[in-house]
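Quick look at input-v2.tsv (TSV, C-alpha atoms (C1' of nucleotides) and all ligand atoms):
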```tsv
chain	number	residue	atom	x	y	z
A	24	MET	CA	110.04	0.45	56.93
A	25	THR	CA	109.59	-3.14	55.75
A	26	GLN	CA	106.37	-4.92	54.94
A	27	THR	CA	104.86	-7.04	57.70
A	28	ASN	CA	102.58	-9.18	55.62
A	29	GLU	CA	103.70	-12.57	56.89
A	30	HIS	CA	100.13	-13.00	58.06
A	31	CYS	CA	98.64	-13.21	54.59
A	32	ASN	CA	97.77	-16.58	53.10
A	33	ALA	CA	97.98	-16.92	49.34
A	34	ALA	CA	95.28	-19.57	48.89
A	35	GLU	CA	92.80	-17.74	51.12
A	36	THR	CA	93.51	-14.44	49.41
A	37	LEU	CA	92.79	-15.89	45.97
A	38	GLN	CA	89.62	-17.54	47.20
A	39	GLY	CA	88.46	-14.33	48.89
A	40	ALA	CA	88.95	-12.49	45.61
A	41	GLY	CA	87.06	-15.11	43.62
A	42	LEU	CA	90.13	-16.10	41.62
A	43	SER	CA	90.82	-19.73	40.78
A	44	GLN	CA	93.90	-21.18	42.39
A	45	THR	CA	96.37	-21.81	39.57
A	46	THR	CA	100.02	-22.69	40.15
A	47	GLN	CA	101.12	-19.46	38.46
A	48	ARG	CA	98.87	-17.22	40.54
A	49	MET	CA	99.93	-18.99	43.73
A	50	ALA	CA	103.60	-18.60	42.84
A	51	VAL	CA	103.31	-14.89	42.01
A	52	LEU	CA	101.23	-14.13	45.10
A	53	GLU	CA	103.61	-15.99	47.39
A	54	ILE	CA	106.57	-14.09	45.97
A	55	ILE	CA	104.83	-10.77	46.67
A	56	ILE	CA	103.77	-11.86	50.15
A	57	LYS	CA	107.29	-12.98	51.05
A	58	ALA	CA	108.99	-9.89	49.59
A	59	ASP	CA	110.44	-7.35	52.01
A	60	GLY	CA	109.63	-4.45	49.68
A	61	PRO	CA	107.84	-3.58	46.45
A	62	LEU	CA	108.81	-5.70	43.42
A	63	SER	CA	108.80	-5.10	39.67
A	64	ALA	CA	107.40	-7.60	37.16
A	65	ALA	CA	110.99	-8.49	36.30
A	66	ASP	CA	111.84	-9.01	39.99
A	67	ILE	CA	108.94	-11.43	40.25
A	68	LEU	CA	109.99	-13.28	37.11
A	69	ASN	CA	113.52	-13.64	38.52
A	70	ARG	CA	112.19	-15.16	41.72
A	71	THR	CA	110.07	-17.83	40.08
A	72	ASP	CA	111.28	-21.42	40.24
A	73	PRO	CA	113.64	-21.86	37.23
A	74	LYS	CA	112.21	-25.33	36.76
A	75	GLN	CA	108.72	-24.00	36.08
A	76	LYS	CA	109.41	-20.48	34.79
A	77	ILE	CA	106.26	-18.46	34.36
A	78	ASN	CA	105.88	-16.52	31.15
A	79	LYS	CA	106.41	-12.76	31.37
A	80	VAL	CA	103.00	-12.10	29.83
A	81	THR	CA	101.32	-14.32	32.39
A	82	ILE	CA	102.98	-12.34	35.18
A	83	TYR	CA	101.67	-9.08	33.74
A	84	ARG	CA	98.19	-10.52	33.43
A	85	ILE	CA	98.24	-11.87	36.96
A	86	LEU	CA	99.49	-8.55	38.34
A	87	SER	CA	96.76	-6.78	36.44
A	88	SER	CA	94.01	-8.99	37.86
A	89	PHE	CA	95.45	-8.76	41.40
A	90	LYS	CA	95.50	-4.99	41.11
A	91	GLU	CA	91.94	-4.90	39.81
A	92	ARG	CA	90.77	-6.94	42.77
A	93	ARG	CA	92.80	-4.84	45.20
A	94	ILE	CA	95.01	-7.70	46.32
A	95	ILE	CA	98.05	-5.63	45.45
A	96	ARG	CA	98.90	-1.96	44.92
A	97	GLU	CA	100.79	-0.66	41.88
A	98	LEU	CA	103.50	1.95	42.52
A	99	PRO	CA	104.70	3.83	39.43
A	100	THR	CA	108.34	4.95	39.49
A	101	ASP	CA	110.15	7.75	37.67
A	102	GLN	CA	112.06	5.03	35.84
A	103	GLY	CA	109.30	3.94	33.52
A	104	MET	CA	108.24	0.80	35.33
A	105	ASN	CA	105.83	-0.18	38.11
A	106	LEU	CA	106.43	-1.87	41.43
A	107	TYR	CA	103.91	-3.98	43.31
A	108	GLU	CA	103.19	-4.64	46.99
A	109	MET	CA	100.48	-6.34	49.04
A	110	ALA	CA	97.35	-4.28	49.68
A	111	CYS	CA	96.10	-6.47	52.56
A	112	ARG	CA	94.97	-5.22	55.97
A	113	HIS	CA	98.47	-5.87	57.35
A	114	ASN	CA	99.98	-3.37	54.93
A	115	PRO	CA	97.99	-0.11	55.02
A	116	ILE	CA	98.65	2.58	52.46
A	117	HIS	CA	101.82	4.56	53.19
A	118	PRO	CA	104.48	6.76	51.54
A	119	HIS	CA	107.49	5.31	49.75
A	120	PHE	CA	111.05	6.33	49.20
A	121	TYR	CA	112.69	5.47	45.90
A	122	CYS	CA	116.48	5.68	45.73
A	123	LYS	CA	117.56	6.76	42.26
A	124	THR	CA	120.98	5.21	42.75
A	125	CYS	CA	120.30	1.67	43.95
A	126	ARG	CA	116.77	1.69	42.52
A	127	ILE	CA	115.29	0.25	45.67
A	128	MET	CA	111.90	1.42	46.86
A	129	SER	CA	111.52	1.49	50.64
A	130	CYS	CA	108.21	1.58	52.46
A	131	LEU	CA	107.80	4.41	54.99
A	132	PRO	CA	105.51	4.52	58.03
A	133	PRO	CA	102.02	5.94	57.43
A	134	LEU	CA	102.09	9.68	58.24
A	135	THR	CA	100.31	12.90	57.33
A	136	LEU	CA	102.24	15.12	54.93
A	137	SER	CA	103.15	17.57	57.70
A	138	GLN	CA	104.26	14.78	60.03
A	139	ALA	CA	106.35	13.47	57.17
A	140	MET	CA	107.96	16.87	56.68
A	141	ASP	CA	108.92	17.04	60.37
A	142	TRP	CA	110.16	13.49	60.34
A	143	PHE	CA	112.34	14.05	57.31
A	144	ALA	CA	113.68	17.36	58.59
A	145	GLY	CA	115.11	15.49	61.58
A	146	SER	CA	116.22	12.46	59.62
A	147	ASN	CA	119.30	12.04	57.50
A	148	ALA	CA	118.37	8.59	56.28
A	149	PHE	CA	117.43	9.91	52.84
A	150	ARG	CA	118.26	12.85	50.66
A	151	ILE	CA	114.89	13.74	49.20
A	152	ASP	CA	114.94	15.19	45.70
A	153	ASP	CA	111.32	14.70	44.68
A	154	VAL	CA	107.91	14.35	46.29
A	155	HIS	CA	104.98	13.00	44.31
A	156	VAL	CA	101.45	12.79	45.66
A	157	ASN	CA	99.10	11.32	43.10
A	158	LEU	CA	95.48	10.32	43.36
A	159	SER	CA	93.72	8.63	40.49
A	160	GLY	CA	90.25	7.45	39.60
A	161	VAL	CA	87.45	8.98	37.55
A	162	CYS	CA	86.56	12.68	37.45
A	163	ARG	CA	83.02	14.02	37.74
A	164	ARG	CA	82.67	14.89	34.07
A	165	CYS	CA	83.62	11.34	33.09
A	166	ARG	CA	81.10	9.83	35.49
A	167	GLU	CA	78.04	11.47	33.99
B	9	MET	CA	92.91	23.57	40.74
B	10	THR	CA	94.66	25.20	37.82
B	11	GLN	CA	98.22	26.47	37.62
B	12	THR	CA	98.73	30.16	38.29
B	13	ASN	CA	102.14	30.59	36.73
B	14	GLU	CA	101.36	33.51	34.48
B	15	HIS	CA	103.98	35.39	36.46
B	16	CYS	CA	106.92	33.36	35.20
B	17	ASN	CA	109.14	34.72	32.45
B	18	ALA	CA	110.79	32.21	30.13
B	19	ALA	CA	113.91	34.20	29.31
B	20	GLU	CA	114.59	35.09	32.95
B	21	THR	CA	114.01	31.52	34.03
B	22	LEU	CA	116.54	30.16	31.54
B	23	GLN	CA	119.08	32.79	32.50
B	24	GLY	CA	118.56	32.09	36.21
B	25	ALA	CA	119.23	28.42	35.56
B	26	GLY	CA	122.37	29.13	33.56
B	27	LEU	CA	120.90	27.74	30.35
B	28	SER	CA	121.55	29.47	27.04
B	29	GLN	CA	118.47	30.93	25.41
B	30	THR	CA	117.85	28.81	22.31
B	31	THR	CA	114.66	29.06	20.26
B	32	GLN	CA	113.75	25.45	21.13
B	33	ARG	CA	114.18	25.91	24.88
B	34	MET	CA	112.20	29.16	24.79
B	35	ALA	CA	109.36	27.51	22.86
B	36	VAL	CA	109.13	24.50	25.19
B	37	LEU	CA	109.30	26.63	28.33
B	38	GLU	CA	106.64	29.04	27.09
B	39	ILE	CA	104.32	26.14	26.29
B	40	ILE	CA	104.71	24.79	29.83
B	41	ILE	CA	104.26	28.23	31.39
B	42	LYS	CA	101.08	28.90	29.41
B	43	ALA	CA	99.58	25.43	30.04
B	44	ASP	CA	96.64	25.19	32.42
B	45	GLY	CA	97.73	21.75	33.63
B	46	PRO	CA	100.56	19.21	33.42
B	47	LEU	CA	101.60	18.27	29.88
B	48	SER	CA	103.20	15.19	28.32
B	49	ALA	CA	106.13	15.35	25.90
B	50	ALA	CA	103.65	14.58	23.11
B	51	ASP	CA	101.35	17.40	24.26
B	52	ILE	CA	104.28	19.79	24.07
B	53	LEU	CA	105.25	18.56	20.61
B	54	ASN	CA	101.66	19.10	19.43
B	55	ARG	CA	101.70	22.68	20.66
B	56	THR	CA	104.90	23.72	18.92
B	57	ASP	CA	104.62	25.97	15.89
B	58	PRO	CA	104.07	23.62	12.90
B	59	LYS	CA	106.32	25.89	10.83
B	60	GLN	CA	109.31	25.23	13.07
B	61	LYS	CA	108.50	21.83	14.56
B	62	ILE	CA	110.94	20.81	17.25
B	63	ASN	CA	112.28	17.27	17.13
B	64	LYS	CA	110.81	14.86	19.67
B	65	VAL	CA	114.29	13.95	20.95
B	66	THR	CA	115.09	17.61	21.51
B	67	ILE	CA	111.94	17.98	23.58
B	68	TYR	CA	112.93	15.03	25.76
B	69	ARG	CA	116.41	16.46	26.22
B	70	ILE	CA	115.07	19.89	27.09
B	71	LEU	CA	112.60	18.44	29.59
B	72	SER	CA	115.40	16.42	31.11
B	73	SER	CA	117.62	19.49	31.58
B	74	PHE	CA	114.73	21.59	32.93
B	75	LYS	CA	113.93	18.86	35.42
B	76	GLU	CA	117.56	18.60	36.49
B	77	ARG	CA	117.67	22.34	37.15
B	78	ARG	CA	114.31	22.28	38.95
B	79	ILE	CA	112.58	24.52	36.46
B	80	ILE	CA	109.88	21.88	36.04
B	81	ARG	CA	108.55	18.87	37.97
B	82	GLU	CA	108.03	15.45	36.42
B	83	LEU	CA	104.81	13.61	37.33
B	84	PRO	CA	104.81	9.89	36.48
B	85	THR	CA	101.41	8.43	35.60
B	86	ASP	CA	100.10	4.87	35.79
B	87	GLN	CA	99.89	4.97	32.01
B	88	GLY	CA	103.60	4.62	31.31
B	89	MET	CA	104.32	8.24	30.49
B	90	ASN	CA	105.34	11.38	32.38
B	91	LEU	CA	103.67	14.76	32.66
B	92	TYR	CA	105.45	18.04	33.34
B	93	GLU	CA	104.53	21.26	35.13
B	94	MET	CA	106.31	24.41	36.28
B	95	ALA	CA	108.21	24.16	39.55
B	96	CYS	CA	108.48	27.93	40.10
B	97	ARG	CA	107.58	29.80	43.29
B	98	HIS	CA	104.10	30.48	41.90
B	99	ASN	CA	103.34	26.78	41.71
B	100	PRO	CA	104.25	25.09	45.01
B	101	ILE	CA	104.24	21.31	45.28
B	102	HIS	CA	100.73	19.86	45.58
B	103	PRO	CA	98.72	16.66	45.04
B	104	HIS	CA	97.30	15.70	41.66
B	105	PHE	CA	94.28	13.86	40.44
B	106	TYR	CA	94.58	11.73	37.34
B	107	CYS	CA	91.34	10.66	35.64
B	108	LYS	CA	91.80	7.22	34.10
B	109	THR	CA	88.99	7.88	31.66
B	110	CYS	CA	89.78	11.24	30.08
B	111	ARG	CA	93.49	10.96	30.97
B	112	ILE	CA	93.63	14.50	32.27
B	113	MET	CA	95.73	15.28	35.31
B	114	SER	CA	94.29	18.03	37.52
B	115	CYS	CA	96.29	19.99	40.08
B	116	LEU	CA	94.81	20.01	43.60
B	117	PRO	CA	95.34	22.61	46.35
B	118	PRO	CA	98.29	21.97	48.70
B	119	LEU	CA	97.00	20.04	51.75
B	120	THR	CA	98.20	17.63	54.41
B	121	LEU	CA	97.16	14.02	53.84
B	122	SER	CA	94.52	14.19	56.59
B	123	GLN	CA	93.14	17.47	55.28
B	124	ALA	CA	92.98	15.85	51.89
B	125	MET	CA	91.04	12.88	53.29
B	126	ASP	CA	88.47	15.21	54.88
B	127	TRP	CA	88.23	17.28	51.76
B	128	PHE	CA	87.64	14.28	49.56
B	129	ALA	CA	85.16	12.70	51.93
B	130	GLY	CA	82.95	15.77	51.51
B	131	SER	CA	83.60	16.16	47.82
B	132	ASN	CA	82.05	14.26	44.98
B	133	ALA	CA	84.19	15.88	42.32
B	134	PHE	CA	86.30	12.75	41.91
B	135	ARG	CA	85.95	9.05	42.51
B	136	ILE	CA	89.31	8.13	43.96
B	137	ASP	CA	90.55	4.64	43.18
B	138	ASP	CA	94.23	5.01	43.99
B	139	VAL	CA	96.50	7.13	46.16
B	140	HIS	CA	100.24	7.27	45.54
B	141	VAL	CA	102.68	9.16	47.75
B	142	ASN	CA	106.22	8.81	46.48
B	143	LEU	CA	109.42	10.48	47.60
B	144	SER	CA	112.63	9.95	45.70
B	145	GLY	CA	116.27	10.87	46.01
B	146	VAL	CA	119.31	9.01	47.32
B	147	CYS	CA	119.32	6.70	50.33
B	148	ARG	CA	121.95	6.80	53.08
B	149	ARG	CA	123.75	3.66	51.95
B	150	CYS	CA	124.17	5.11	48.45
B	151	ARG	CA	125.53	8.39	49.78
B	152	GLU	CA	128.50	6.91	51.62
C	29	DA	C1'	136.06	38.25	8.92
C	30	DA	C1'	137.68	33.74	9.64
C	31	DT	C1'	138.91	30.02	13.01
C	32	DT	C1'	138.17	27.40	16.84
C	33	DG	C1'	135.81	24.42	20.23
C	34	DG	C1'	132.05	23.43	23.01
C	35	DT	C1'	127.08	23.07	23.15
C	36	DT	C1'	122.68	22.06	21.06
C	37	DT	C1'	119.82	19.95	17.65
C	38	DG	C1'	117.97	16.49	14.14
C	39	DC	C1'	117.61	12.00	12.34
C	40	DA	C1'	117.77	7.02	12.45
C	41	DA	C1'	118.13	3.24	15.03
C	42	DT	C1'	117.38	1.08	19.39
C	43	DT	C1'	115.70	-0.08	24.07
C	44	DG	C1'	112.59	-2.01	27.24
C	45	DA	C1'	108.21	-2.18	29.79
C	46	DG	C1'	104.01	-3.50	28.81
C	47	DT	C1'	100.19	-5.31	25.42
C	48	DT	C1'	97.63	-8.12	21.97
C	49	DG	C1'	96.10	-12.14	19.13
C	50	DC	C1'	95.62	-16.70	18.93
C	51	DA	C1'	96.30	-21.55	19.78
C	52	DC	C1'	97.04	-24.70	23.49
C	53	DT	C1'	96.39	-26.19	28.40
C	54	DT	C1'	94.35	-26.42	32.82
C	55	DA	C1'	91.27	-25.98	36.73
C	56	DA	C1'	86.56	-26.13	38.42
C	57	DT	C1'	82.05	-28.25	38.17
C	58	DG	C1'	78.75	-31.92	37.46
D	6	DC	C1'	86.00	-38.83	33.87
D	7	DA	C1'	84.09	-35.36	30.47
D	8	DT	C1'	82.96	-30.69	29.43
D	9	DT	C1'	84.00	-26.01	29.02
D	10	DA	C1'	85.16	-21.54	30.46
D	11	DA	C1'	89.16	-19.59	32.25
D	12	DG	C1'	94.05	-19.28	32.22
D	13	DT	C1'	98.61	-19.70	29.99
D	14	DG	C1'	102.60	-19.53	26.49
D	15	DC	C1'	104.59	-17.84	22.44
D	16	DA	C1'	105.44	-14.48	18.86
D	17	DA	C1'	104.67	-10.26	17.30
D	18	DC	C1'	103.72	-5.74	18.38
D	19	DT	C1'	103.17	-0.87	20.61
D	20	DC	C1'	104.96	3.20	22.22
D	21	DA	C1'	107.45	6.33	25.49
D	22	DA	C1'	111.91	7.21	26.07
D	23	DT	C1'	117.06	6.75	24.98
D	24	DT	C1'	121.42	6.51	22.33
D	25	DG	C1'	124.98	7.42	18.70
D	26	DC	C1'	126.51	10.31	15.54
D	27	DA	C1'	126.82	14.00	12.25
D	28	DA	C1'	125.35	18.59	11.20
D	29	DA	C1'	124.20	23.20	12.95
D	30	DC	C1'	124.68	26.74	16.13
D	31	DC	C1'	126.92	30.04	19.16
D	32	DA	C1'	130.33	32.53	21.68
D	33	DA	C1'	134.96	33.52	22.24
D	34	DT	C1'	139.46	34.22	20.17
D	35	DT	C1'	142.89	35.31	16.39
A	201	MN	MN	105.09	0.01	50.59
A	202	MN	MN	100.17	20.35	39.45
A	203	ZN	ZN	120.17	3.72	47.41
A	204	ZN	ZN	87.84	12.38	33.41
```
Just dump the structure as structure tokens.
Amino acid sequence: MTQTNEHCNAAETLQGAGLSQTTQRMAVLEIIIKADGPLSAADILNRTDPKQKINKVTIYRILSSFKERRIIRELPTDQGMNLYEMACRHNPIHPHFYCKTCRIMSCLPPLTLSQAMDWFAGSNAFRIDDVHVNLSGVCRRCRE
Amino acid sequence: MTQTNEHCNAAETLQGAGLSQTTQRMAVLEIIIKADGPLSAADILNRTDPKQKINKVTIYRILSSFKERRIIRELPTDQGMNLYEMACRHNPIHPHFYCKTCRIMSCLPPLTLSQAMDWFAGSNAFRIDDVHVNLSGVCRRCRE
DNA sequence: AATTGGTTTGCAATTGAGTTGCACTTAATG
DNA sequence: CATTAAGTGCAACTCAATTGCAAACCAATT
């Protein structure tokens, strides 16, 4: 239910993605690696060293380039903002649970939809109000 | 791949949900029922009768109350806006495909995740870049 | 019919996440 | 070091969605 990405190394990850190793990128990546759940851009800003605060715009640009290079995944919420988590081999794609009250997104174990249904039927950990399954990419018409 | 909700009746639906039958609510609901895919608030506004244009705020409030009463489902996109579709018995919950190029969201047949993987592996209809599975509701800690 | 009170709508102003333009700074390379 | 493309900070901006408030609507009484 929590991310187990303590194995990822920020410097190596940047190098592997062909991104130069700036202090801002290192700081943002280390915050995401250390996090025990998905973070918003504001969460990341709040966790930066107050002595060398990174500009909000820079954080958005870094997140955007990390996402593009598949270092992180972007998780849209119903609340009009995105959350981010590591997309490394230690953190395979999985469902999430977003609590509308405390606004915390929890990671769930990877399951098929039907397994998930069974699991939730027998679980009272969450009261599920909504299920969203969304794929995105480029449709056939737009590729030709 | 398209919605088959031609069976839903706007007036009955409002009555069943305990909502009074105003001209604005009827217009919005009929637009969503007739649509052949999920619509944004702006899409709905564009489809209202120009002679009796409904205010944008009213549309948001109507969508909000429909969502609350489970008449419609809200589908967040990566693009910072929500899409809406009928949540009636004729339109069971299912995955969606959002094309980042033409910005059209297509409805996909209901499948388990593993079925979906197989289906997509053999299909070249879409180039899938992202998969999001999100549940939301209220967590245990927030319920007690 | 007129009165009442609660609900719904319209308009203007506002919020807040995310973006853009441009000048300044920094990291990588020789 | 010196050069230069890449990265960053700041201010202004965009745009979906929200809020406050007054006017309009509607149903239920008098
Ligand atoms: Mn996760
Ligand atoms: Mn759909
Ligand atoms: Zn909670
Ligand atoms: Zn397309």
List all protein, DNA and RNA residues that have at least one atom no more than 8 Å from any atom of ligand ZN 204 (chain A), counting all atoms listed in the file, and write them as a PyMOL selection string. (chain A and resi 161-166) or (chain B and resi 106-112)
From the set C:DG44, C:DG33, C:DG58, C:DG49, which residue has the shortest atom-to-atom contact distance to chain A, counting all atoms listed in the file? C:DG44
Close residues to ligand MN 201 (chain A) using all atoms listed in the file, limit 9 Å, as a list in words: Met24, Thr25, Gln26, Gly60, Pro61, Arg96, Leu98, Tyr107, Glu108, Met109, Ala110, Asn114, Pro115, Ile116, His117, Pro118, His119, Phe120, Met128, Ser129, Cys130, Leu131 and Pro132 of chain A
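Close contacts of segment 7-18 of chain D, defined as residues with an atom at most 8 Å away when counting all atoms listed in the file, with chain neighbours fewer than 6 positions off set aside, comprise Asn78 and Thr81 of chain A; DT47, DT48, DT53 and DT54 of chain C.
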Could you turn the residues from that selection into a file that holds C-alpha atoms (C1' of nucleotides), as an mmCIF file, in the coordinates of the input?
```cif
data_model
loop_
_atom_site.group_PDB
_atom_site.id
_atom_site.type_symbol
_atom_site.label_atom_id
_atom_site.label_comp_id
_atom_site.auth_asym_id
_atom_site.auth_seq_id
_atom_site.Cartn_x
_atom_site.Cartn_y
_atom_site.Cartn_z
ATOM 1 C CA ASN A 78 105.880 -16.520 31.150
ATOM 2 C CA THR A 81 101.320 -14.320 32.390
ATOM 3 C "C1'" DT C 47 100.190 -5.310 25.420
ATOM 4 C "C1'" DT C 48 97.630 -8.120 21.970
ATOM 5 C "C1'" DT C 53 96.390 -26.190 28.400
ATOM 6 C "C1'" DT C 54 94.350 -26.420 32.820
#
```
Fit target chain A, mobile chain B, all Cα in order, as a compact mmCIF listing (two decimals) with C-alpha atoms, in the coordinates of the input:
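Saved result, out30.txt, follows:
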```txt
# COMPACT_ATOMS: atom_id res chain seq x y z
CA MET B 9 110.05 0.45 56.94
CA THR B 10 109.58 -3.11 55.77
CA GLN B 11 106.35 -4.90 54.93
CA THR B 12 104.82 -6.99 57.68
CA ASN B 13 102.54 -9.16 55.60
CA GLU B 14 103.65 -12.53 56.88
CA HIS B 15 100.08 -12.96 58.04
CA CYS B 16 98.58 -13.18 54.57
CA ASN B 17 97.69 -16.54 53.08
CA ALA B 18 97.90 -16.90 49.31
CA ALA B 19 95.19 -19.51 48.86
CA GLU B 20 92.70 -17.67 51.08
CA THR B 21 93.45 -14.39 49.35
CA LEU B 22 92.74 -15.84 45.91
CA GLN B 23 89.56 -17.48 47.11
CA GLY B 24 88.41 -14.25 48.79
CA ALA B 25 88.91 -12.43 45.51
CA GLY B 26 87.02 -15.04 43.52
CA LEU B 27 90.08 -16.07 41.53
CA SER B 28 90.72 -19.72 40.74
CA GLN B 29 93.81 -21.15 42.37
CA THR B 30 96.25 -21.81 39.52
CA THR B 31 99.90 -22.71 40.11
CA GLN B 32 101.03 -19.48 38.40
CA ARG B 33 98.80 -17.22 40.49
CA MET B 34 99.85 -18.99 43.68
CA ALA B 35 103.54 -18.63 42.81
CA VAL B 36 103.28 -14.91 41.98
CA LEU B 37 101.20 -14.13 45.06
CA GLU B 38 103.55 -16.01 47.38
CA ILE B 39 106.53 -14.13 45.96
CA ILE B 40 104.82 -10.80 46.65
CA ILE B 41 103.74 -11.88 50.14
CA LYS B 42 107.25 -13.01 51.06
CA ALA B 43 108.98 -9.91 49.60
CA ASP B 44 110.42 -7.39 52.03
CA GLY B 45 109.65 -4.49 49.69
CA PRO B 46 107.86 -3.60 46.45
CA LEU B 47 108.84 -5.73 43.45
CA SER B 48 108.85 -5.15 39.69
CA ALA B 49 107.45 -7.65 37.18
CA ALA B 50 111.05 -8.56 36.33
CA ASP B 51 111.88 -9.09 40.01
CA ILE B 52 108.96 -11.48 40.27
CA LEU B 53 110.01 -13.35 37.13
CA ASN B 54 113.53 -13.73 38.57
CA ARG B 55 112.16 -15.24 41.76
CA THR B 56 110.02 -17.90 40.11
CA ASP B 57 111.21 -21.49 40.27
CA PRO B 58 113.58 -21.93 37.29
CA LYS B 59 112.15 -25.42 36.79
CA GLN B 60 108.67 -24.07 36.10
CA LYS B 61 109.39 -20.56 34.82
CA ILE B 62 106.25 -18.53 34.36
CA ASN B 63 105.90 -16.56 31.14
CA LYS B 64 106.48 -12.82 31.41
CA VAL B 65 103.09 -12.09 29.82
CA THR B 66 101.36 -14.31 32.36
CA ILE B 67 103.01 -12.37 35.16
CA TYR B 68 101.76 -9.08 33.73
CA ARG B 69 98.26 -10.49 33.38
CA ILE B 70 98.27 -11.85 36.91
CA LEU B 71 99.52 -8.54 38.32
CA SER B 72 96.83 -6.75 36.37
CA SER B 73 94.06 -8.96 37.78
CA PHE B 74 95.45 -8.74 41.33
CA LYS B 75 95.54 -4.97 41.04
CA GLU B 76 91.99 -4.86 39.73
CA ARG B 77 90.79 -6.90 42.70
CA ARG B 78 92.83 -4.82 45.16
CA ILE B 79 95.01 -7.69 46.27
CA ILE B 80 98.08 -5.62 45.41
CA ARG B 81 98.95 -1.94 44.87
CA GLU B 82 100.85 -0.66 41.86
CA LEU B 83 103.57 1.95 42.50
CA PRO B 84 104.76 3.81 39.40
CA THR B 85 108.39 4.93 39.47
CA ASP B 86 110.18 7.73 37.62
CA GLN B 87 112.12 5.02 35.82
CA GLY B 88 109.34 3.91 33.49
CA MET B 89 108.35 0.76 35.32
CA ASN B 90 105.92 -0.22 38.08
CA LEU B 91 106.50 -1.88 41.42
CA TYR B 92 103.96 -3.98 43.30
CA GLU B 93 103.22 -4.64 46.97
CA MET B 94 100.49 -6.32 49.00
CA ALA B 95 97.38 -4.26 49.64
CA CYS B 96 96.09 -6.43 52.51
CA ARG B 97 94.96 -5.20 55.93
CA HIS B 98 98.45 -5.85 57.30
CA ASN B 99 99.98 -3.36 54.91
CA PRO B 100 98.00 -0.09 54.99
CA ILE B 101 98.68 2.62 52.43
CA HIS B 102 101.86 4.59 53.17
CA PRO B 103 104.51 6.79 51.53
CA HIS B 104 107.52 5.34 49.74
CA PHE B 105 111.07 6.38 49.19
CA TYR B 106 112.72 5.52 45.91
CA CYS B 107 116.53 5.76 45.76
CA LYS B 108 117.59 6.85 42.27
CA THR B 109 121.00 5.31 42.78
CA CYS B 110 120.36 1.77 44.00
CA ARG B 111 116.82 1.75 42.54
CA ILE B 112 115.34 0.29 45.69
CA MET B 113 111.94 1.46 46.86
CA SER B 114 111.55 1.53 50.65
CA CYS B 115 108.22 1.60 52.46
CA LEU B 116 107.83 4.42 54.99
CA PRO B 117 105.53 4.53 58.05
CA PRO B 118 102.03 5.96 57.44
CA LEU B 119 102.11 9.71 58.25
CA THR B 120 100.34 12.93 57.35
CA LEU B 121 102.26 15.16 54.95
CA SER B 122 103.19 17.61 57.73
CA GLN B 123 104.30 14.81 60.04
CA ALA B 124 106.37 13.51 57.18
CA MET B 125 108.00 16.92 56.68
CA ASP B 126 108.96 17.08 60.37
CA TRP B 127 110.20 13.54 60.34
CA PHE B 128 112.38 14.10 57.32
CA ALA B 129 113.72 17.40 58.57
CA GLY B 130 115.16 15.56 61.58
CA SER B 131 116.26 12.53 59.63
CA ASN B 132 119.32 12.12 57.51
CA ALA B 133 118.40 8.67 56.29
CA PHE B 134 117.45 9.98 52.86
CA ARG B 135 118.25 12.94 50.68
CA ILE B 136 114.88 13.82 49.22
CA ASP B 137 114.93 15.31 45.74
CA ASP B 138 111.32 14.80 44.72
CA VAL B 139 107.90 14.42 46.32
CA HIS B 140 104.96 13.04 44.36
CA VAL B 141 101.43 12.80 45.73
CA ASN B 142 99.07 11.33 43.18
CA LEU B 143 95.45 10.29 43.48
CA SER B 144 93.71 8.56 40.62
CA GLY B 145 90.25 7.35 39.75
CA VAL B 146 87.42 8.82 37.69
CA CYS B 147 86.49 12.50 37.60
CA ARG B 148 82.92 13.79 37.89
CA ARG B 149 82.57 14.67 34.21
CA CYS B 150 83.55 11.12 33.23
CA ARG B 151 81.07 9.58 35.65
CA GLU B 152 77.97 11.20 34.17
```
Hey, can you check how far atom CA of Glu82 of chain B sits from atom CA of Leu27 of chain B? 18.8 Å
Could you pull the residues within 9 Å of Thr21 of chain B, counting only C-alpha atoms (C1' of nucleotides), minus those fewer than 4 positions along the same chain, as a PyMOL selection string? chain B and resi 16-17+25-27+37+79+96
